[in-house]
Amino acid sequence: MNFKGKDIVSIRDLSREDIDQVLDLAERMIPYAKGEIFTKALDGRILANLFFEPSTRTHMSFSTAMSRLGGRTMEMAHPSMMSVAKGETLTDTIRMVESYSDVIVLRHPHEGSARLAAHFSSKPVINAGDGAGQHPTQTLLDLFTIRREFKRIEDVKVALVGDLKYGRTVHSLAEALTMFGAEVTFVAPANLQMPRETVRQVEKLGGKPKLTSKLEEVIKEVDVLYVTRIQKERFPDPAEYQKIAGVYRIDNDLLREAKRDLIVMHPLPRVDEIAPEVDGTEHARYFVQAFNGVPVRMALLLLVLGGEL
Amino acid sequence: MKEFKVVPIRNGTVIDHIECGMALKVLRIIGVSGTNVQSPVSVLMHVPSSKTGFKDVVKVEDRELDTKEVDKIALISPRATINIIRDFNVAEKMKVSLPDVVKGIVRCGNPSCITNLREPVEPEFTVESRNPPVLRCIYCDRILEDIAEHLQ
């Protein structure tokens with residue numbers, strides 16, 4: 001696909017070939033992302049970073065990606081300092097910002113906001129998370145991390161662990177992994193298990209997902225443990241939360257059972273899901289995964305802005 | 001004993017085979033409130049039907065429904081039929097049918113959807129299946145659970 005001028009709102013808008021195109025280019029971006037070599041491919045271009053919600057990795061990695069490509073980033077002041085606080089609609093903000101920039105990166109608390117922004121903006125809009133909705137660049141960097149590690153995604157056995165019910169990014173990831181032929185297992189307590197709609201969608205894509213609540217049942221056979229945060233507020237009873245959170249905590253004891261080349265991923269921030277003792281093991285990949293956000297976002301920015309290396 | 005206690009109409013529209021219990025929502029869809037019409041409107045509920053067991057029927061005198069209104073009815077009653085009556089005869093008979101995209105008729109059921117905020121945009125849905133109707137919001141990507149409840 002010719003990405004120039006295109007919006008990146010949902011991973012579902014991209015075919016397998018489109019995703020491969022992004023990941024192939026991201027591969028070439030790595031030495032630039034590490035600052036080993038330099039480029040001015042997006043010299044003179046401006047990225048508007050519109051973050052209506054707090055974010056650490058996504059926000060910083062978009063800024064880094066744009067800077068590494070020789071472009072500039074325009075930061076929004078805190079939303080409380082802007083017209084938004086005076087009741088300005090997102091539509092009006094977008095109409096204004098598109099005239100100041102070449103590409104808009106949007107994080108917003110409301111679902112569908114990126115699609116709305118894309119509807120009104122003539123400049124490409126990249127969704128950096130819309131509430132509990134889509135977060136396509138996270139999915140891309142997750143796929144990229146697995147592909148780099150195993151040199152393929154097909155047949156890689158991935159266990160998605162934790163709160164699989166509420167986070168839509170984990171639903172998109174399950175679908176995307178299946179599209180690439182990975183074997184997915186959903187490990188979650190019954191009240192946080194993957195919604196039926198997503199399970200059906202995975203099956204429609206040819207997957208045969210396994211659902212279980214027992215991590216120890218799958219730990220010996222999987223290649224990737226993709227851990228997500230279990231949020232306290234999902235449990236009316238704090239004692240129940242403590243119990244569940246303890247069961248799904250990844251530590252060295254659990255990993256002793258794992259394959260030698262198993263990798264542990266996490267979109268971060270983590271709270272208690274992964275013990276700090278895991279950080280120093282050969283299984284930990286979550287910080288590499290966070291770094292991978294830079295080359296992936298560089299690839300996307302280069303593609304939607306039509307830049308040349 | 002007469003089966004129907006409503007006389008045939010001279011001119012207007014008969015909406016037949018409405019799903020049981022949906023007649024009042026059909027009235028809402030076609031914008032009939034009871035005070036904004038000049039001619040009689042008859043509502044029949046839970047009428048025996050050879051096809052579906054029971055049905056609702058709405059007769060609106062001196063008014064012919066247009067396609068957009070008919071499409072809206074398909075959202076809550078996909079098997080409904082529309083008869084346009086002229087001079088006591090059925091001049092036109094049509095089935096309701098949903099378009100591929102539904103715009104501006106229902107609002108999204110997801111309270112966090114951006115279309116439920118003060119944005120200048122009409123809610124829009126892709127039709128994923130027709131009977132029963134399944135709508136997916138093009139903005140937040142959620143399936144609309146109860147269509148009748150979310151009619152605008």
# chains A, B, ... in the order shown; residues from 1 in each chain; ligands from 1

call {"tool": "select_by_dssp", "arguments": {"residues": "chain B", "states": "alpha helix (DSSP H)", "output": "list of chain:residue names"}}
result
B:Ala23, B:Leu24, B:Lys25, B:Val26, B:Leu27, B:Arg28, B:Ile29, B:Thr67, B:Lys68, B:Glu69, B:Val70, B:Asp71, B:Lys72, B:Ile73, B:Ala74, B:Leu75, B:Ile76

call {"tool": "residues_around", "arguments": {"residues": "Ala114 in chain A", "least_positions_apart": "2", "cutoff": "8 Å", "atoms": "only C-alpha atoms", "output": "list in words"}}
result
Val9, Leu106, Arg107, His108, Glu111, Gly112, Leu116, Ala117, Ala118, Val125, Ile126, Asn127 and Asp130 of chain A; Tyr139 of chain B

call {"tool": "write_last_selection", "arguments": {"atoms": "all heavy atoms", "output": "compact mmCIF listing (two decimals), in the first residue's frame"}}
result
# COMPACT_ATOMS: atom_id res chain seq x y z
N VAL A 9 -5.43 4.49 12.10
CA VAL A 9 -6.40 4.59 13.19
C VAL A 9 -6.56 3.26 13.92
O VAL A 9 -6.57 3.22 15.14
CB VAL A 9 -7.77 5.06 12.64
CG1 VAL A 9 -8.83 5.01 13.73
CG2 VAL A 9 -7.66 6.47 12.09
N LEU A 106 -2.37 11.50 17.97
CA LEU A 106 -3.43 11.81 18.94
C LEU A 106 -3.62 10.72 19.98
O LEU A 106 -3.80 9.55 19.65
CB LEU A 106 -4.76 12.01 18.19
CG LEU A 106 -6.00 12.28 19.04
CD1 LEU A 106 -5.97 13.66 19.66
CD2 LEU A 106 -7.28 12.13 18.21
N ARG A 107 -3.57 11.12 21.24
CA ARG A 107 -3.99 10.26 22.36
C ARG A 107 -5.14 10.99 23.02
O ARG A 107 -5.03 12.18 23.38
CB ARG A 107 -2.83 10.06 23.33
CG ARG A 107 -3.20 9.67 24.76
CD ARG A 107 -3.55 8.21 24.99
NE ARG A 107 -2.53 7.27 24.59
CZ ARG A 107 -1.72 6.63 25.40
NH1 ARG A 107 -1.77 6.86 26.70
NH2 ARG A 107 -0.86 5.76 24.94
N HIS A 108 -6.27 10.31 23.17
CA HIS A 108 -7.47 10.97 23.67
C HIS A 108 -8.27 9.99 24.53
O HIS A 108 -8.27 8.79 24.24
CB HIS A 108 -8.31 11.44 22.46
CG HIS A 108 -9.36 12.44 22.80
ND1 HIS A 108 -10.60 12.07 23.26
CD2 HIS A 108 -9.36 13.80 22.75
CE1 HIS A 108 -11.32 13.17 23.48
NE2 HIS A 108 -10.59 14.23 23.19
N GLU A 111 -13.17 6.88 23.03
CA GLU A 111 -13.07 5.93 21.93
C GLU A 111 -13.63 6.54 20.65
O GLU A 111 -14.64 7.22 20.69
CB GLU A 111 -13.85 4.65 22.28
CG GLU A 111 -13.19 3.87 23.37
CD GLU A 111 -14.16 2.94 24.09
OE1 GLU A 111 -14.85 2.18 23.41
OE2 GLU A 111 -14.20 3.01 25.33
N GLY A 112 -12.96 6.29 19.55
CA GLY A 112 -13.42 6.81 18.27
C GLY A 112 -12.86 8.18 17.96
O GLY A 112 -13.09 8.72 16.87
N LEU A 116 -12.53 10.21 14.30
CA LEU A 116 -13.13 11.53 14.13
C LEU A 116 -12.09 12.54 13.64
O LEU A 116 -12.33 13.29 12.70
CB LEU A 116 -13.74 12.01 15.45
CG LEU A 116 -14.35 13.41 15.38
CD1 LEU A 116 -15.86 13.35 15.60
CD2 LEU A 116 -13.75 14.36 16.39
N ALA A 117 -10.90 12.51 14.26
CA ALA A 117 -9.84 13.43 13.86
C ALA A 117 -9.45 13.18 12.40
O ALA A 117 -9.28 14.12 11.62
CB ALA A 117 -8.63 13.26 14.79
N ALA A 118 -9.35 11.91 12.04
CA ALA A 118 -8.98 11.56 10.67
C ALA A 118 -10.04 12.06 9.69
O ALA A 118 -9.73 12.49 8.57
CB ALA A 118 -8.83 10.04 10.54
N VAL A 125 -3.41 11.30 10.37
CA VAL A 125 -3.59 11.19 11.82
C VAL A 125 -3.12 9.80 12.25
O VAL A 125 -3.51 8.80 11.65
CB VAL A 125 -5.07 11.37 12.22
CG1 VAL A 125 -5.30 11.05 13.70
CG2 VAL A 125 -5.55 12.79 11.91
N ILE A 126 -2.29 9.76 13.28
CA ILE A 126 -1.86 8.46 13.83
C ILE A 126 -2.47 8.33 15.22
O ILE A 126 -2.30 9.20 16.07
CB ILE A 126 -0.33 8.35 13.90
CG1 ILE A 126 0.27 8.49 12.48
CG2 ILE A 126 0.08 7.00 14.52
CD1 ILE A 126 1.79 8.40 12.43
N ASN A 127 -3.21 7.26 15.41
CA ASN A 127 -3.87 7.01 16.69
C ASN A 127 -2.85 6.51 17.70
O ASN A 127 -2.24 5.45 17.53
CB ASN A 127 -4.97 5.96 16.47
CG ASN A 127 -5.82 5.72 17.69
OD1 ASN A 127 -5.61 6.38 18.72
ND2 ASN A 127 -6.77 4.83 17.59
N ASP A 130 -6.99 5.61 21.83
CA ASP A 130 -8.22 6.38 22.06
C ASP A 130 -9.02 5.69 23.16
O ASP A 130 -9.83 4.82 22.91
CB ASP A 130 -9.03 6.61 20.78
CG ASP A 130 -9.37 5.33 20.02
OD1 ASP A 130 -8.80 4.27 20.34
OD2 ASP A 130 -10.23 5.40 19.12
N TYR B 139 -16.81 4.83 14.46
CA TYR B 139 -15.86 5.61 15.26
C TYR B 139 -15.23 4.75 16.36
O TYR B 139 -14.04 4.56 16.38
CB TYR B 139 -16.55 6.86 15.83
CG TYR B 139 -16.86 7.85 14.74
CD1 TYR B 139 -18.11 7.89 14.14
CD2 TYR B 139 -15.88 8.72 14.26
CE1 TYR B 139 -18.38 8.77 13.10
CE2 TYR B 139 -16.13 9.60 13.23
CZ TYR B 139 -17.39 9.62 12.65
OH TYR B 139 -17.63 10.48 11.62

call {"tool": "residues_around", "arguments": {"residues": "range 52-54 of chain B", "least_positions_apart": "2", "cutoff": "12 Å", "atoms": "only C-alpha atoms", "output": "ChimeraX atom specification"}}
result
/B:16-22,44-50,56-57,79-80

call {"tool": "write_last_selection", "arguments": {"atoms": "C-alpha atoms", "output": "PDB file, in the first residue's frame"}}
result
ATOM      1  CA  ASP B  16     -47.534  -4.180   8.328  1.00  0.00           C
ATOM      2  CA  HIS B  17     -45.645  -7.108   9.895  1.00  0.00           C
ATOM      3  CA  ILE B  18     -44.007  -4.940  12.534  1.00  0.00           C
ATOM      4  CA  GLU B  19     -42.308  -7.033  15.253  1.00  0.00           C
ATOM      5  CA  CYS B  20     -44.604  -7.332  18.254  1.00  0.00           C
ATOM      6  CA  GLY B  21     -44.184  -4.452  20.687  1.00  0.00           C
ATOM      7  CA  MET B  22     -42.381  -2.185  18.236  1.00  0.00           C
ATOM      8  CA  LEU B  44     -52.697  -2.180  16.293  1.00  0.00           C
ATOM      9  CA  MET B  45     -50.673  -4.260  18.666  1.00  0.00           C
ATOM     10  CA  HIS B  46     -50.443  -8.003  19.070  1.00  0.00           C
ATOM     11  CA  VAL B  47     -52.573  -8.817  16.047  1.00  0.00           C
ATOM     12  CA  PRO B  48     -52.665 -12.518  15.021  1.00  0.00           C
ATOM     13  CA  SER B  49     -50.530 -13.144  11.939  1.00  0.00           C
ATOM     14  CA  SER B  50     -50.349 -16.278   9.824  1.00  0.00           C
ATOM     15  CA  ASP B  56     -48.099  -4.946  15.158  1.00  0.00           C
ATOM     16  CA  VAL B  57     -49.614  -2.739  12.427  1.00  0.00           C
ATOM     17  CA  ARG B  79     -39.604  -8.004   8.296  1.00  0.00           C
ATOM     18  CA  ALA B  80     -41.969  -5.019   8.102  1.00  0.00           C
TER      19      ALA B  80
END

call {"tool": "interface_residues", "arguments": {"of": "chain B", "to": "chain A", "cutoff": "12 Å", "atoms": "only C-alpha atoms", "output": "ChimeraX atom specification"}}
result
/B:108-124,136-143

call {"tool": "residues_around", "arguments": {"residues": "Asn89 in chain B", "least_positions_apart": "5", "cutoff": "12 Å", "atoms": "only C-alpha atoms", "output": "MDAnalysis selection string"}}
result
chainID B and resid 8:14 83:84

call {"tool": "write_last_selection", "arguments": {"atoms": "N, CA and C atoms", "output": "compact mmCIF listing (two decimals), in the first residue's frame"}}
result
# COMPACT_ATOMS: atom_id res chain seq x y z
N PRO B 8 -60.61 0.45 6.73
CA PRO B 8 -59.57 0.67 5.72
C PRO B 8 -59.35 2.16 5.50
N ILE B 9 -58.16 2.55 5.08
CA ILE B 9 -57.90 3.98 4.88
C ILE B 9 -57.97 4.31 3.39
N ARG B 10 -58.33 5.57 3.09
CA ARG B 10 -58.46 5.99 1.69
C ARG B 10 -57.07 6.26 1.11
N ASN B 11 -56.32 7.13 1.79
CA ASN B 11 -54.97 7.47 1.34
C ASN B 11 -54.02 7.42 2.53
N GLY B 12 -52.81 6.99 2.27
CA GLY B 12 -51.83 6.97 3.36
C GLY B 12 -50.91 5.77 3.29
N THR B 13 -50.40 5.36 4.47
CA THR B 13 -49.43 4.26 4.51
C THR B 13 -49.84 3.25 5.57
N VAL B 14 -49.75 1.98 5.21
CA VAL B 14 -49.95 0.92 6.20
C VAL B 14 -48.61 0.22 6.39
N ASN B 83 -47.15 -0.51 2.77
CA ASN B 83 -48.15 -0.42 1.69
C ASN B 83 -48.58 1.03 1.56
N ILE B 84 -48.39 1.58 0.38
CA ILE B 84 -48.86 2.94 0.13
C ILE B 84 -50.28 2.82 -0.46

call {"tool": "residues_around", "arguments": {"residues": "Val70 in chain B", "least_positions_apart": "5", "cutoff": "8 Å", "atoms": "only C-alpha atoms", "output": "list in words"}}
result
Leu65, Ile82, Val96 and Ser97 of chain B

call {"tool": "select_by_dssp", "arguments": {"residues": "range 5-160 of chain A", "states": "strand (DSSP E)", "output": "list in words"}}
result
Ile46, Leu47, Ala48, Asn49, Leu50, Phe51, Arg72, Thr73, Met74, Glu75, Val103, Ile104, Val105, Leu106, Arg107, His108, Val125, Ile126, Asn127, Ala128, Gly129, Asp130, Lys157, Val158, Ala159 and Leu160 of chain A

call {"tool": "atom_distance", "arguments": {"atom1": "CA of Val127 in chain B", "atom2": "CA of Ser121 in chain A"}}
result
25.3 Å

call {"tool": "atom_distance", "arguments": {"atom1": "CA of Gln289 in chain A", "atom2": "CA of Arg260 in chain A"}}
result
18.8 Å

call {"tool": "residues_around", "arguments": {"residues": "Glu203 in chain A", "least_positions_apart": "5", "cutoff": "12 Å", "atoms": "only C-alpha atoms", "output": "list in words"}}
result
Ala174, Glu175, Leu177, Thr178, Met179, Gly181, Glu183, Val184, Arg196, Glu197, Thr198, Lys208, Pro209 and Lys210 of chain A

call {"tool": "write_last_selection", "arguments": {"atoms": "all heavy atoms", "output": "mmCIF file, in the first residue's frame"}}
result
data_model
loop_
_atom_site.group_PDB
_atom_site.id
_atom_site.type_symbol
_atom_site.label_atom_id
_atom_site.label_comp_id
_atom_site.auth_asym_id
_atom_site.auth_seq_id
_atom_site.Cartn_x
_atom_site.Cartn_y
_atom_site.Cartn_z
ATOM 1 N N ALA A 174 -4.335 -10.027 19.683
ATOM 2 C CA ALA A 174 -4.715 -11.430 19.480
ATOM 3 C C ALA A 174 -5.102 -11.658 18.019
ATOM 4 O O ALA A 174 -4.705 -12.650 17.402
ATOM 5 C CB ALA A 174 -5.872 -11.799 20.402
ATOM 6 N N GLU A 175 -5.858 -10.703 17.462
ATOM 7 C CA GLU A 175 -6.288 -10.847 16.068
ATOM 8 C C GLU A 175 -5.103 -10.752 15.118
ATOM 9 O O GLU A 175 -4.977 -11.531 14.186
ATOM 10 C CB GLU A 175 -7.323 -9.760 15.729
ATOM 11 C CG GLU A 175 -8.641 -9.978 16.452
ATOM 12 C CD GLU A 175 -9.662 -8.878 16.177
ATOM 13 O OE1 GLU A 175 -9.552 -8.208 15.118
ATOM 14 O OE2 GLU A 175 -10.539 -8.695 17.013
ATOM 15 N N LEU A 177 -1.891 -11.288 15.726
ATOM 16 C CA LEU A 177 -1.008 -12.455 15.857
ATOM 17 C C LEU A 177 -1.570 -13.631 15.065
ATOM 18 O O LEU A 177 -0.835 -14.342 14.376
ATOM 19 C CB LEU A 177 -0.877 -12.853 17.337
ATOM 20 C CG LEU A 177 0.044 -11.994 18.198
ATOM 21 C CD1 LEU A 177 -0.154 -12.311 19.671
ATOM 22 C CD2 LEU A 177 1.508 -12.203 17.813
ATOM 23 N N THR A 178 -2.880 -13.812 15.164
ATOM 24 C CA THR A 178 -3.516 -14.915 14.444
ATOM 25 C C THR A 178 -3.407 -14.721 12.938
ATOM 26 O O THR A 178 -3.157 -15.660 12.192
ATOM 27 C CB THR A 178 -5.002 -15.032 14.861
ATOM 28 O OG1 THR A 178 -5.063 -15.077 16.282
ATOM 29 C CG2 THR A 178 -5.644 -16.269 14.286
ATOM 30 N N MET A 179 -3.583 -13.465 12.507
ATOM 31 C CA MET A 179 -3.471 -13.171 11.074
ATOM 32 C C MET A 179 -2.091 -13.598 10.562
ATOM 33 O O MET A 179 -1.943 -14.019 9.428
ATOM 34 C CB MET A 179 -3.689 -11.670 10.878
ATOM 35 C CG MET A 179 -3.813 -11.236 9.458
ATOM 36 S SD MET A 179 -4.578 -9.599 9.376
ATOM 37 C CE MET A 179 -3.170 -8.538 9.632
ATOM 38 N N GLY A 181 -0.392 -16.091 11.801
ATOM 39 C CA GLY A 181 -0.195 -17.532 11.997
ATOM 40 C C GLY A 181 0.404 -17.929 13.327
ATOM 41 O O GLY A 181 0.816 -19.080 13.496
ATOM 42 N N GLU A 183 0.235 -19.007 17.312
ATOM 43 C CA GLU A 183 -0.742 -19.781 18.088
ATOM 44 C C GLU A 183 -0.968 -19.071 19.418
ATOM 45 O O GLU A 183 -0.023 -18.916 20.196
ATOM 46 C CB GLU A 183 -0.206 -21.187 18.369
ATOM 47 C CG GLU A 183 -0.084 -22.029 17.119
ATOM 48 C CD GLU A 183 0.552 -23.385 17.412
ATOM 49 O OE1 GLU A 183 0.407 -23.895 18.539
ATOM 50 O OE2 GLU A 183 1.210 -23.894 16.496
ATOM 51 N N VAL A 184 -2.206 -18.644 19.646
ATOM 52 C CA VAL A 184 -2.449 -17.850 20.851
ATOM 53 C C VAL A 184 -3.162 -18.648 21.944
ATOM 54 O O VAL A 184 -4.021 -19.473 21.664
ATOM 55 C CB VAL A 184 -3.267 -16.562 20.552
ATOM 56 C CG1 VAL A 184 -2.431 -15.556 19.788
ATOM 57 C CG2 VAL A 184 -4.547 -16.866 19.795
ATOM 58 N N ARG A 196 -15.987 -13.087 24.147
ATOM 59 C CA ARG A 196 -16.380 -14.059 23.125
ATOM 60 C C ARG A 196 -16.213 -13.521 21.707
ATOM 61 O O ARG A 196 -15.836 -14.233 20.794
ATOM 62 C CB ARG A 196 -17.833 -14.472 23.344
ATOM 63 C CG ARG A 196 -17.912 -15.973 23.519
ATOM 64 C CD ARG A 196 -19.251 -16.462 23.892
ATOM 65 N NE ARG A 196 -20.153 -15.382 24.271
ATOM 66 C CZ ARG A 196 -21.460 -15.522 24.281
ATOM 67 N NH1 ARG A 196 -22.004 -16.638 23.966
ATOM 68 N NH2 ARG A 196 -22.260 -14.515 24.648
ATOM 69 N N GLU A 197 -16.516 -12.226 21.562
ATOM 70 C CA GLU A 197 -16.428 -11.611 20.228
ATOM 71 C C GLU A 197 -15.004 -11.739 19.668
ATOM 72 O O GLU A 197 -14.816 -12.040 18.491
ATOM 73 C CB GLU A 197 -16.836 -10.134 20.321
ATOM 74 C CG GLU A 197 -17.114 -9.501 18.970
ATOM 75 C CD GLU A 197 -17.122 -7.972 19.032
ATOM 76 O OE1 GLU A 197 -17.540 -7.431 20.072
ATOM 77 O OE2 GLU A 197 -16.700 -7.347 18.043
ATOM 78 N N THR A 198 -14.012 -11.512 20.533
ATOM 79 C CA THR A 198 -12.619 -11.602 20.082
ATOM 80 C C THR A 198 -12.232 -13.051 19.804
ATOM 81 O O THR A 198 -11.553 -13.347 18.822
ATOM 82 C CB THR A 198 -11.667 -10.981 21.124
ATOM 83 O OG1 THR A 198 -12.134 -9.688 21.429
ATOM 84 C CG2 THR A 198 -10.244 -10.905 20.612
ATOM 85 N N LYS A 208 -6.866 -21.306 16.559
ATOM 86 C CA LYS A 208 -7.543 -22.233 17.482
ATOM 87 C C LYS A 208 -7.092 -21.855 18.875
ATOM 88 O O LYS A 208 -6.255 -22.523 19.488
ATOM 89 C CB LYS A 208 -7.130 -23.674 17.166
ATOM 90 C CG LYS A 208 -7.665 -24.161 15.822
ATOM 91 C CD LYS A 208 -7.370 -25.646 15.641
ATOM 92 C CE LYS A 208 -7.815 -26.103 14.268
ATOM 93 N NZ LYS A 208 -6.712 -26.449 13.382
ATOM 94 N N PRO A 209 -7.624 -20.757 19.402
ATOM 95 C CA PRO A 209 -7.141 -20.261 20.686
ATOM 96 C C PRO A 209 -7.460 -21.218 21.835
ATOM 97 O O PRO A 209 -8.513 -21.850 21.849
ATOM 98 C CB PRO A 209 -7.897 -18.943 20.871
ATOM 99 C CG PRO A 209 -9.123 -19.086 20.042
ATOM 100 C CD PRO A 209 -8.742 -19.942 18.874
ATOM 101 N N LYS A 210 -6.525 -21.311 22.765
ATOM 102 C CA LYS A 210 -6.744 -22.125 23.949
ATOM 103 C C LYS A 210 -7.039 -21.150 25.091
ATOM 104 O O LYS A 210 -6.339 -20.141 25.226
ATOM 105 C CB LYS A 210 -5.451 -22.892 24.218
ATOM 106 C CG LYS A 210 -5.531 -23.971 25.248
ATOM 107 C CD LYS A 210 -4.234 -24.783 25.224
ATOM 108 C CE LYS A 210 -3.978 -25.384 26.574
ATOM 109 N NZ LYS A 210 -2.647 -25.998 26.655
#

call {"tool": "residues_around", "arguments": {"residues": "Asp71 in chain B", "least_positions_apart": "4", "cutoff": "9 Å", "atoms": "only C-alpha atoms", "output": "MDAnalysis selection string"}}
result
chainID B and resid 66:67 75 96:99 102

call {"tool": "write_last_selection", "arguments": {"atoms": "all heavy atoms", "output": "PDB file, in the first residue's frame"}}
result
ATOM      1  N   ASP B  66     -41.311   8.127   2.932  1.00  0.00           N
ATOM      2  CA  ASP B  66     -40.234   8.094   1.935  1.00  0.00           C
ATOM      3  C   ASP B  66     -39.209   7.020   2.299  1.00  0.00           C
ATOM      4  O   ASP B  66     -39.264   6.431   3.383  1.00  0.00           O
ATOM      5  CB  ASP B  66     -39.585   9.476   1.780  1.00  0.00           C
ATOM      6  CG  ASP B  66     -38.925   9.942   3.056  1.00  0.00           C
ATOM      7  OD1 ASP B  66     -38.365   9.084   3.764  1.00  0.00           O
ATOM      8  OD2 ASP B  66     -38.969  11.158   3.346  1.00  0.00           O
ATOM      9  N   THR B  67     -38.272   6.782   1.381  1.00  0.00           N
ATOM     10  CA  THR B  67     -37.333   5.664   1.556  1.00  0.00           C
ATOM     11  C   THR B  67     -36.524   5.770   2.838  1.00  0.00           C
ATOM     12  O   THR B  67     -36.267   4.773   3.489  1.00  0.00           O
ATOM     13  CB  THR B  67     -36.335   5.622   0.367  1.00  0.00           C
ATOM     14  OG1 THR B  67     -37.028   6.109  -0.765  1.00  0.00           O
ATOM     15  CG2 THR B  67     -35.832   4.229   0.119  1.00  0.00           C
ATOM     16  N   LEU B  75     -34.395  -1.067  10.989  1.00  0.00           N
ATOM     17  CA  LEU B  75     -33.512  -1.218  12.150  1.00  0.00           C
ATOM     18  C   LEU B  75     -34.175  -1.957  13.298  1.00  0.00           C
ATOM     19  O   LEU B  75     -33.535  -2.677  14.043  1.00  0.00           O
ATOM     20  CB  LEU B  75     -33.084   0.159  12.659  1.00  0.00           C
ATOM     21  CG  LEU B  75     -32.041   0.890  11.846  1.00  0.00           C
ATOM     22  CD1 LEU B  75     -31.920   2.318  12.340  1.00  0.00           C
ATOM     23  CD2 LEU B  75     -30.706   0.181  11.950  1.00  0.00           C
ATOM     24  N   VAL B  96     -39.036  -3.279   3.861  1.00  0.00           N
ATOM     25  CA  VAL B  96     -37.979  -2.412   4.400  1.00  0.00           C
ATOM     26  C   VAL B  96     -36.637  -3.088   4.158  1.00  0.00           C
ATOM     27  O   VAL B  96     -36.544  -4.312   4.159  1.00  0.00           O
ATOM     28  CB  VAL B  96     -38.175  -2.147   5.913  1.00  0.00           C
ATOM     29  CG1 VAL B  96     -39.467  -1.404   6.150  1.00  0.00           C
ATOM     30  CG2 VAL B  96     -38.140  -3.422   6.707  1.00  0.00           C
ATOM     31  N   SER B  97     -35.614  -2.305   3.886  1.00  0.00           N
ATOM     32  CA  SER B  97     -34.291  -2.926   3.735  1.00  0.00           C
ATOM     33  C   SER B  97     -33.215  -1.976   4.245  1.00  0.00           C
ATOM     34  O   SER B  97     -33.247  -0.777   3.952  1.00  0.00           O
ATOM     35  CB  SER B  97     -34.039  -3.284   2.276  1.00  0.00           C
ATOM     36  OG  SER B  97     -33.623  -2.154   1.566  1.00  0.00           O
ATOM     37  N   LEU B  98     -32.298  -2.530   4.996  1.00  0.00           N
ATOM     38  CA  LEU B  98     -31.243  -1.695   5.586  1.00  0.00           C
ATOM     39  C   LEU B  98     -30.179  -1.377   4.550  1.00  0.00           C
ATOM     40  O   LEU B  98     -29.746  -2.262   3.819  1.00  0.00           O
ATOM     41  CB  LEU B  98     -30.580  -2.447   6.738  1.00  0.00           C
ATOM     42  CG  LEU B  98     -31.096  -2.223   8.135  1.00  0.00           C
ATOM     43  CD1 LEU B  98     -30.230  -2.974   9.128  1.00  0.00           C
ATOM     44  CD2 LEU B  98     -31.114  -0.744   8.488  1.00  0.00           C
ATOM     45  N   PRO B  99     -29.717  -0.138   4.504  1.00  0.00           N
ATOM     46  CA  PRO B  99     -28.577   0.169   3.642  1.00  0.00           C
ATOM     47  C   PRO B  99     -27.285  -0.400   4.260  1.00  0.00           C
ATOM     48  O   PRO B  99     -27.324  -0.920   5.365  1.00  0.00           O
ATOM     49  CB  PRO B  99     -28.555   1.701   3.643  1.00  0.00           C
ATOM     50  CG  PRO B  99     -29.223   2.090   4.911  1.00  0.00           C
ATOM     51  CD  PRO B  99     -30.199   1.007   5.254  1.00  0.00           C
ATOM     52  N   VAL B 102     -25.556   3.083   8.088  1.00  0.00           N
ATOM     53  CA  VAL B 102     -26.658   3.798   8.738  1.00  0.00           C
ATOM     54  C   VAL B 102     -26.076   5.063   9.353  1.00  0.00           C
ATOM     55  O   VAL B 102     -25.156   5.005  10.171  1.00  0.00           O
ATOM     56  CB  VAL B 102     -27.293   2.920   9.835  1.00  0.00           C
ATOM     57  CG1 VAL B 102     -28.273   3.714  10.669  1.00  0.00           C
ATOM     58  CG2 VAL B 102     -27.983   1.720   9.213  1.00  0.00           C
TER      59      VAL B 102
END

call {"tool": "closest_residue", "arguments": {"among": "A:Phe235, A:Tyr100, A:Phe291, A:Tyr226", "to": "Ala48 in chain A", "atoms": "only C-alpha atoms"}}
result
A:Tyr100

call {"tool": "atom_distance", "arguments": {"atom1": "CA of Leu254 in chain A", "atom2": "CA of Phe186 in chain A"}}
result
17.4 Å
